[in-house]
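Below: coords-v4.cif (mmCIF, N, CA and C atoms)
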```cif
data_input
loop_
_atom_site.group_PDB
_atom_site.id
_atom_site.type_symbol
_atom_site.label_atom_id
_atom_site.label_comp_id
_atom_site.auth_asym_id
_atom_site.auth_seq_id
_atom_site.Cartn_x
_atom_site.Cartn_y
_atom_site.Cartn_z
ATOM 1 N N LEU A 30 -66.048 -42.032 -69.385
ATOM 2 C CA LEU A 30 -64.932 -42.093 -70.302
ATOM 3 C C LEU A 30 -63.802 -41.157 -69.857
ATOM 4 N N LEU A 31 -64.128 -39.931 -69.488
ATOM 5 C CA LEU A 31 -63.088 -38.972 -69.110
ATOM 6 C C LEU A 31 -62.333 -39.394 -67.852
ATOM 7 N N HIS A 32 -62.998 -40.131 -66.978
ATOM 8 C CA HIS A 32 -62.328 -40.604 -65.765
ATOM 9 C C HIS A 32 -61.294 -41.682 -66.081
ATOM 10 N N SER A 33 -61.456 -42.376 -67.194
ATOM 11 C CA SER A 33 -60.555 -43.487 -67.500
ATOM 12 C C SER A 33 -59.344 -43.078 -68.337
ATOM 13 N N LEU A 34 -59.339 -41.875 -68.894
ATOM 14 C CA LEU A 34 -58.198 -41.442 -69.699
ATOM 15 C C LEU A 34 -56.991 -41.166 -68.806
ATOM 16 N N PRO A 35 -55.795 -41.528 -69.252
ATOM 17 C CA PRO A 35 -54.598 -41.341 -68.429
ATOM 18 C C PRO A 35 -54.024 -39.926 -68.520
ATOM 19 N N LEU A 36 -54.890 -38.941 -68.537
ATOM 20 C CA LEU A 36 -54.504 -37.540 -68.639
ATOM 21 C C LEU A 36 -55.143 -36.746 -67.508
ATOM 22 N N HIS A 37 -54.539 -35.641 -67.151
ATOM 23 C CA HIS A 37 -55.157 -34.728 -66.175
ATOM 24 C C HIS A 37 -56.176 -33.885 -66.917
ATOM 25 N N ILE A 38 -57.440 -34.062 -66.580
ATOM 26 C CA ILE A 38 -58.518 -33.324 -67.242
ATOM 27 C C ILE A 38 -59.329 -32.608 -66.171
ATOM 28 N N PHE A 39 -59.548 -31.320 -66.387
ATOM 29 C CA PHE A 39 -60.340 -30.531 -65.442
ATOM 30 C C PHE A 39 -60.881 -29.299 -66.139
ATOM 31 N N TRP A 40 -61.882 -28.678 -65.534
ATOM 32 C CA TRP A 40 -62.301 -27.350 -65.946
ATOM 33 C C TRP A 40 -62.711 -26.557 -64.734
ATOM 34 N N LYS A 41 -62.589 -25.237 -64.898
ATOM 35 C CA LYS A 41 -62.842 -24.297 -63.807
ATOM 36 C C LYS A 41 -63.814 -23.223 -64.266
ATOM 37 N N ASP A 42 -64.374 -22.521 -63.291
ATOM 38 C CA ASP A 42 -65.174 -21.351 -63.643
ATOM 39 C C ASP A 42 -64.228 -20.163 -63.824
ATOM 40 N N THR A 43 -64.769 -19.007 -64.188
ATOM 41 C CA THR A 43 -63.925 -17.837 -64.458
ATOM 42 C C THR A 43 -63.288 -17.259 -63.201
ATOM 43 N N GLU A 44 -63.698 -17.730 -62.035
ATOM 44 C CA GLU A 44 -63.089 -17.287 -60.784
ATOM 45 C C GLU A 44 -62.024 -18.274 -60.294
ATOM 46 N N GLY A 45 -61.783 -19.325 -61.069
ATOM 47 C CA GLY A 45 -60.728 -20.271 -60.737
ATOM 48 C C GLY A 45 -61.125 -21.442 -59.874
ATOM 49 N N HIS A 46 -62.410 -21.645 -59.647
ATOM 50 C CA HIS A 46 -62.872 -22.783 -58.857
ATOM 51 C C HIS A 46 -63.083 -23.988 -59.771
ATOM 52 N N TYR A 47 -62.630 -25.127 -59.301
ATOM 53 C CA TYR A 47 -62.779 -26.353 -60.090
ATOM 54 C C TYR A 47 -64.244 -26.764 -60.137
ATOM 55 N N LEU A 48 -64.735 -26.958 -61.357
ATOM 56 C CA LEU A 48 -66.108 -27.421 -61.565
ATOM 57 C C LEU A 48 -66.147 -28.934 -61.755
ATOM 58 N N TRP A 49 -65.050 -29.477 -62.272
ATOM 59 C CA TRP A 49 -64.970 -30.913 -62.525
ATOM 60 C C TRP A 49 -63.516 -31.284 -62.751
ATOM 61 N N CYS A 50 -63.150 -32.493 -62.395
ATOM 62 C CA CYS A 50 -61.846 -33.051 -62.762
ATOM 63 C C CYS A 50 -61.971 -34.567 -62.792
ATOM 64 N N ASN A 51 -61.055 -35.184 -63.523
ATOM 65 C CA ASN A 51 -61.103 -36.641 -63.563
ATOM 66 C C ASN A 51 -60.316 -37.236 -62.397
ATOM 67 N N GLU A 52 -60.474 -38.518 -62.209
ATOM 68 C CA GLU A 52 -59.850 -39.209 -61.075
ATOM 69 C C GLU A 52 -58.323 -39.199 -61.168
ATOM 70 N N VAL A 53 -57.787 -39.232 -62.379
ATOM 71 C CA VAL A 53 -56.331 -39.206 -62.549
ATOM 72 C C VAL A 53 -55.768 -37.906 -61.977
ATOM 73 N N PHE A 54 -56.410 -36.790 -62.261
ATOM 74 C CA PHE A 54 -55.983 -35.497 -61.732
ATOM 75 C C PHE A 54 -56.084 -35.487 -60.213
ATOM 76 N N ALA A 55 -57.214 -35.922 -59.692
ATOM 77 C CA ALA A 55 -57.433 -35.923 -58.238
ATOM 78 C C ALA A 55 -56.397 -36.786 -57.525
ATOM 79 N N LYS A 56 -56.163 -37.965 -58.031
ATOM 80 C CA LYS A 56 -55.220 -38.878 -57.375
ATOM 81 C C LYS A 56 -53.785 -38.371 -57.467
ATOM 82 N N SER A 57 -53.457 -37.642 -58.534
ATOM 83 C CA SER A 57 -52.104 -37.090 -58.650
ATOM 84 C C SER A 57 -51.833 -36.043 -57.572
ATOM 85 N N LEU A 58 -52.893 -35.470 -57.032
ATOM 86 C CA LEU A 58 -52.764 -34.485 -55.956
ATOM 87 C C LEU A 58 -52.968 -35.108 -54.577
ATOM 88 N N GLY A 59 -53.177 -36.416 -54.541
ATOM 89 C CA GLY A 59 -53.318 -37.115 -53.268
ATOM 90 C C GLY A 59 -54.736 -37.232 -52.752
ATOM 91 N N PHE A 60 -55.721 -36.872 -53.572
ATOM 92 C CA PHE A 60 -57.120 -36.991 -53.165
ATOM 93 C C PHE A 60 -57.656 -38.365 -53.536
ATOM 94 N N SER A 61 -58.557 -38.892 -52.736
ATOM 95 C CA SER A 61 -59.130 -40.201 -53.014
ATOM 96 C C SER A 61 -60.215 -40.151 -54.084
ATOM 97 N N SER A 62 -60.764 -38.958 -54.317
ATOM 98 C CA SER A 62 -61.851 -38.817 -55.279
ATOM 99 C C SER A 62 -61.829 -37.414 -55.874
ATOM 100 N N SER A 63 -62.294 -37.307 -57.095
ATOM 101 C CA SER A 63 -62.398 -35.994 -57.732
ATOM 102 C C SER A 63 -63.399 -35.099 -56.997
ATOM 103 N N LYS A 64 -64.320 -35.690 -56.287
ATOM 104 C CA LYS A 64 -65.308 -34.908 -55.543
ATOM 105 C C LYS A 64 -64.660 -34.029 -54.475
ATOM 106 N N ASN A 65 -63.447 -34.407 -54.026
ATOM 107 C CA ASN A 65 -62.753 -33.637 -53.001
ATOM 108 C C ASN A 65 -62.154 -32.344 -53.544
ATOM 109 N N ILE A 66 -62.128 -32.181 -54.846
ATOM 110 C CA ILE A 66 -61.529 -30.993 -55.460
ATOM 111 C C ILE A 66 -62.592 -29.984 -55.896
ATOM 112 N N ILE A 67 -63.769 -30.454 -56.224
ATOM 113 C CA ILE A 67 -64.824 -29.585 -56.737
ATOM 114 C C ILE A 67 -65.075 -28.432 -55.759
ATOM 115 N N GLY A 68 -65.078 -27.207 -56.303
ATOM 116 C CA GLY A 68 -65.322 -26.009 -55.503
ATOM 117 C C GLY A 68 -64.052 -25.360 -54.970
ATOM 118 N N LYS A 69 -62.944 -26.075 -55.016
ATOM 119 C CA LYS A 69 -61.675 -25.523 -54.539
ATOM 120 C C LYS A 69 -61.006 -24.719 -55.655
ATOM 121 N N ASN A 70 -60.035 -23.898 -55.266
ATOM 122 C CA ASN A 70 -59.209 -23.211 -56.252
ATOM 123 C C ASN A 70 -57.764 -23.675 -56.082
ATOM 124 N N ASP A 71 -56.883 -23.218 -56.939
ATOM 125 C CA ASP A 71 -55.499 -23.689 -56.907
ATOM 126 C C ASP A 71 -54.803 -23.393 -55.586
ATOM 127 N N LEU A 72 -55.173 -22.312 -54.929
ATOM 128 C CA LEU A 72 -54.554 -21.971 -53.646
ATOM 129 C C LEU A 72 -54.933 -22.953 -52.543
ATOM 130 N N GLN A 73 -55.999 -23.711 -52.759
ATOM 131 C CA GLN A 73 -56.467 -24.676 -51.762
ATOM 132 C C GLN A 73 -55.985 -26.099 -52.042
ATOM 133 N N LEU A 74 -55.180 -26.260 -53.071
ATOM 134 C CA LEU A 74 -54.688 -27.583 -53.428
ATOM 135 C C LEU A 74 -53.245 -27.756 -52.961
ATOM 136 N N PRO A 75 -52.850 -28.991 -52.705
ATOM 137 C CA PRO A 75 -51.491 -29.251 -52.217
ATOM 138 C C PRO A 75 -50.462 -29.258 -53.347
ATOM 139 N N VAL A 76 -50.206 -28.074 -53.887
ATOM 140 C CA VAL A 76 -49.204 -27.936 -54.941
ATOM 141 C C VAL A 76 -48.203 -26.867 -54.546
ATOM 142 N N ASN A 77 -47.057 -26.902 -55.179
ATOM 143 C CA ASN A 77 -46.017 -25.909 -54.969
ATOM 144 C C ASN A 77 -46.573 -24.517 -55.283
ATOM 145 N N LYS A 78 -46.357 -23.556 -54.401
ATOM 146 C CA LYS A 78 -46.935 -22.221 -54.583
ATOM 147 C C LYS A 78 -46.396 -21.531 -55.828
ATOM 148 N N LYS A 79 -45.152 -21.827 -56.235
ATOM 149 C CA LYS A 79 -44.625 -21.272 -57.485
ATOM 150 C C LYS A 79 -45.467 -21.779 -58.645
ATOM 151 N N ASN A 80 -45.796 -23.070 -58.614
ATOM 152 C CA ASN A 80 -46.656 -23.631 -59.659
ATOM 153 C C ASN A 80 -48.032 -22.989 -59.632
ATOM 154 N N THR A 81 -48.539 -22.719 -58.443
ATOM 155 C CA THR A 81 -49.858 -22.100 -58.311
ATOM 156 C C THR A 81 -49.894 -20.757 -59.019
ATOM 157 N N ILE A 82 -48.873 -19.965 -58.831
ATOM 158 C CA ILE A 82 -48.810 -18.652 -59.485
ATOM 159 C C ILE A 82 -48.804 -18.829 -60.999
ATOM 160 N N ASP A 83 -48.042 -19.805 -61.480
ATOM 161 C CA ASP A 83 -48.012 -20.076 -62.921
ATOM 162 C C ASP A 83 -49.388 -20.515 -63.422
ATOM 163 N N TYR A 84 -50.068 -21.367 -62.666
ATOM 164 C CA TYR A 84 -51.409 -21.822 -63.061
ATOM 165 C C TYR A 84 -52.386 -20.646 -63.120
ATOM 166 N N LEU A 85 -52.305 -19.758 -62.154
ATOM 167 C CA LEU A 85 -53.200 -18.609 -62.131
ATOM 168 C C LEU A 85 -52.946 -17.687 -63.323
ATOM 169 N N LYS A 86 -51.687 -17.527 -63.704
ATOM 170 C CA LYS A 86 -51.354 -16.731 -64.891
ATOM 171 C C LYS A 86 -51.894 -17.395 -66.149
ATOM 172 N N ASP A 87 -51.762 -18.723 -66.226
ATOM 173 C CA ASP A 87 -52.327 -19.463 -67.357
ATOM 174 C C ASP A 87 -53.834 -19.245 -67.444
ATOM 175 N N ASP A 88 -54.504 -19.359 -66.317
ATOM 176 C CA ASP A 88 -55.958 -19.168 -66.291
ATOM 177 C C ASP A 88 -56.329 -17.769 -66.782
ATOM 178 N N GLU A 89 -55.604 -16.775 -66.314
ATOM 179 C CA GLU A 89 -55.882 -15.394 -66.716
ATOM 180 C C GLU A 89 -55.743 -15.236 -68.232
ATOM 181 N N ASN A 90 -54.692 -15.815 -68.796
ATOM 182 C CA ASN A 90 -54.486 -15.743 -70.246
ATOM 183 C C ASN A 90 -55.571 -16.488 -71.007
ATOM 184 N N ILE A 91 -55.980 -17.630 -70.498
ATOM 185 C CA ILE A 91 -57.036 -18.410 -71.147
ATOM 186 C C ILE A 91 -58.338 -17.623 -71.178
ATOM 187 N N ILE A 92 -58.664 -16.977 -70.069
ATOM 188 C CA ILE A 92 -59.904 -16.200 -70.005
ATOM 189 C C ILE A 92 -59.832 -15.000 -70.950
ATOM 190 N N LYS A 93 -58.687 -14.315 -70.971
ATOM 191 C CA LYS A 93 -58.523 -13.152 -71.848
ATOM 192 C C LYS A 93 -58.626 -13.523 -73.318
ATOM 193 N N LEU A 94 -57.954 -14.638 -73.692
ATOM 194 C CA LEU A 94 -57.911 -15.036 -75.102
ATOM 195 C C LEU A 94 -59.116 -15.851 -75.531
ATOM 196 N N GLY A 95 -59.791 -16.477 -74.547
ATOM 197 C CA GLY A 95 -60.945 -17.309 -74.870
ATOM 198 C C GLY A 95 -60.572 -18.603 -75.549
ATOM 199 N N GLU A 96 -59.329 -19.067 -75.330
ATOM 200 C CA GLU A 96 -58.868 -20.301 -75.939
ATOM 201 C C GLU A 96 -58.410 -21.283 -74.869
ATOM 202 N N ALA A 97 -58.742 -22.539 -75.057
ATOM 203 C CA ALA A 97 -58.322 -23.575 -74.111
ATOM 204 C C ALA A 97 -56.834 -23.835 -74.246
ATOM 205 N N LYS A 98 -56.232 -24.344 -73.189
ATOM 206 C CA LYS A 98 -54.822 -24.727 -73.226
ATOM 207 C C LYS A 98 -54.753 -26.249 -73.131
ATOM 208 N N PHE A 99 -54.043 -26.846 -74.053
ATOM 209 C CA PHE A 99 -53.925 -28.296 -74.077
ATOM 210 C C PHE A 99 -52.507 -28.701 -73.765
#
```
Rewrite the coordinates I just gave you, this time as structure tokens.
Amino acid sequence: LLHSLPLHIFWKDTEGHYLWCNEVFAKSLGFSSSKNIIGKNDLQLPVNKKNTIDYLKDDENIIKLGEAKF
């Protein structure tokens, strides 16, 4: 079900490594499968480095507050 939703869905461990993502997220980054992202972190993905810094700050805040970001 999560693979079929038209949203970017993913979760990471507390060190920032992707534990799971749906196919929509993977394909938006140019990967053929979500399996190609598992174990990677934002610095290993083909995204703008400015965005990467913002994502890392978001992750830090999420971990500190213990609340998901939607």
Next item on the list: Go through the shown structure with the PyMOL selection byres (((chain A and resi 38 and name CA) around 8) and name CA) and write out the matching residues as a VMD selection string.
Entry: chain A and resid 31 36 to 37 39 to 40 50 to 51 53 to 54
Margin query: What parts of chain A does DSSP call alpha helix (DSSP H)? I'd like the answer as a ChimeraX atom specification.
Written below: /A:52-57,78-94
Margin query: Could you list, as a ChimeraX atom specification, every residue within 8 Å of A:Thr81, counting only N, CA and C atoms and ignoring same-chain residues fewer than 6 positions away?
Written below: /A:71-72,87
Next item on the list: Starting from the displayed file, determine the output of the PyMOL selection byres ((chain A and resi 47) around 6) and express the residue list as a ChimeraX atom specification.
Entry: /A:40-42,45-46,48-49,66-70
Checklist line | Atom pair atom CA of A:Asn80 / atom C of A:Ser57: separation (Å) | finding: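 Interatomic distance here is 13.6 Å.
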Note to self: Report, in Å to a single decimal, how far apart atom N of A:Ser61 and atom C of A:Thr43 are.
What the structure shows: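 Answer for the atom C of A:Thr43 to atom N of A:Ser61 separation: 24.5 Å.
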Next item on the list: Grab the atom C of A:Phe99 to atom CA of A:Pro35 distance for me, in Å with one decimal place.
Entry: 13.9 Å
Next item on the list: From the DSSP assignment of the backbone, select every residue of chain A that is strand (DSSP E or B), and format the answer as an MDAnalysis selection string.
Entry: chainID A and resid 39:41 47:50
Box time for stretch 82-98 of chain A: axis-aligned, enclosing all its listed atoms, 6 Å extra on each side; report centre and edge lengths in Å to one decimal, as JSON.
```
{"center_x": -54.5, "center_y": -19.7, "center_z": -67.4, "size_x": 24.9, "size_y": 25.1, "size_z": 29.1}
```
Next item on the list: Rank A:Asn65, A:Glu52, A:Asn77, A:Glu44 by their smallest atom-to-atom distance to A:His32, using all atoms listed in the file, and report the top residue only.
Entry: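 Closest to A:His32 of all the choices is A:Glu52.
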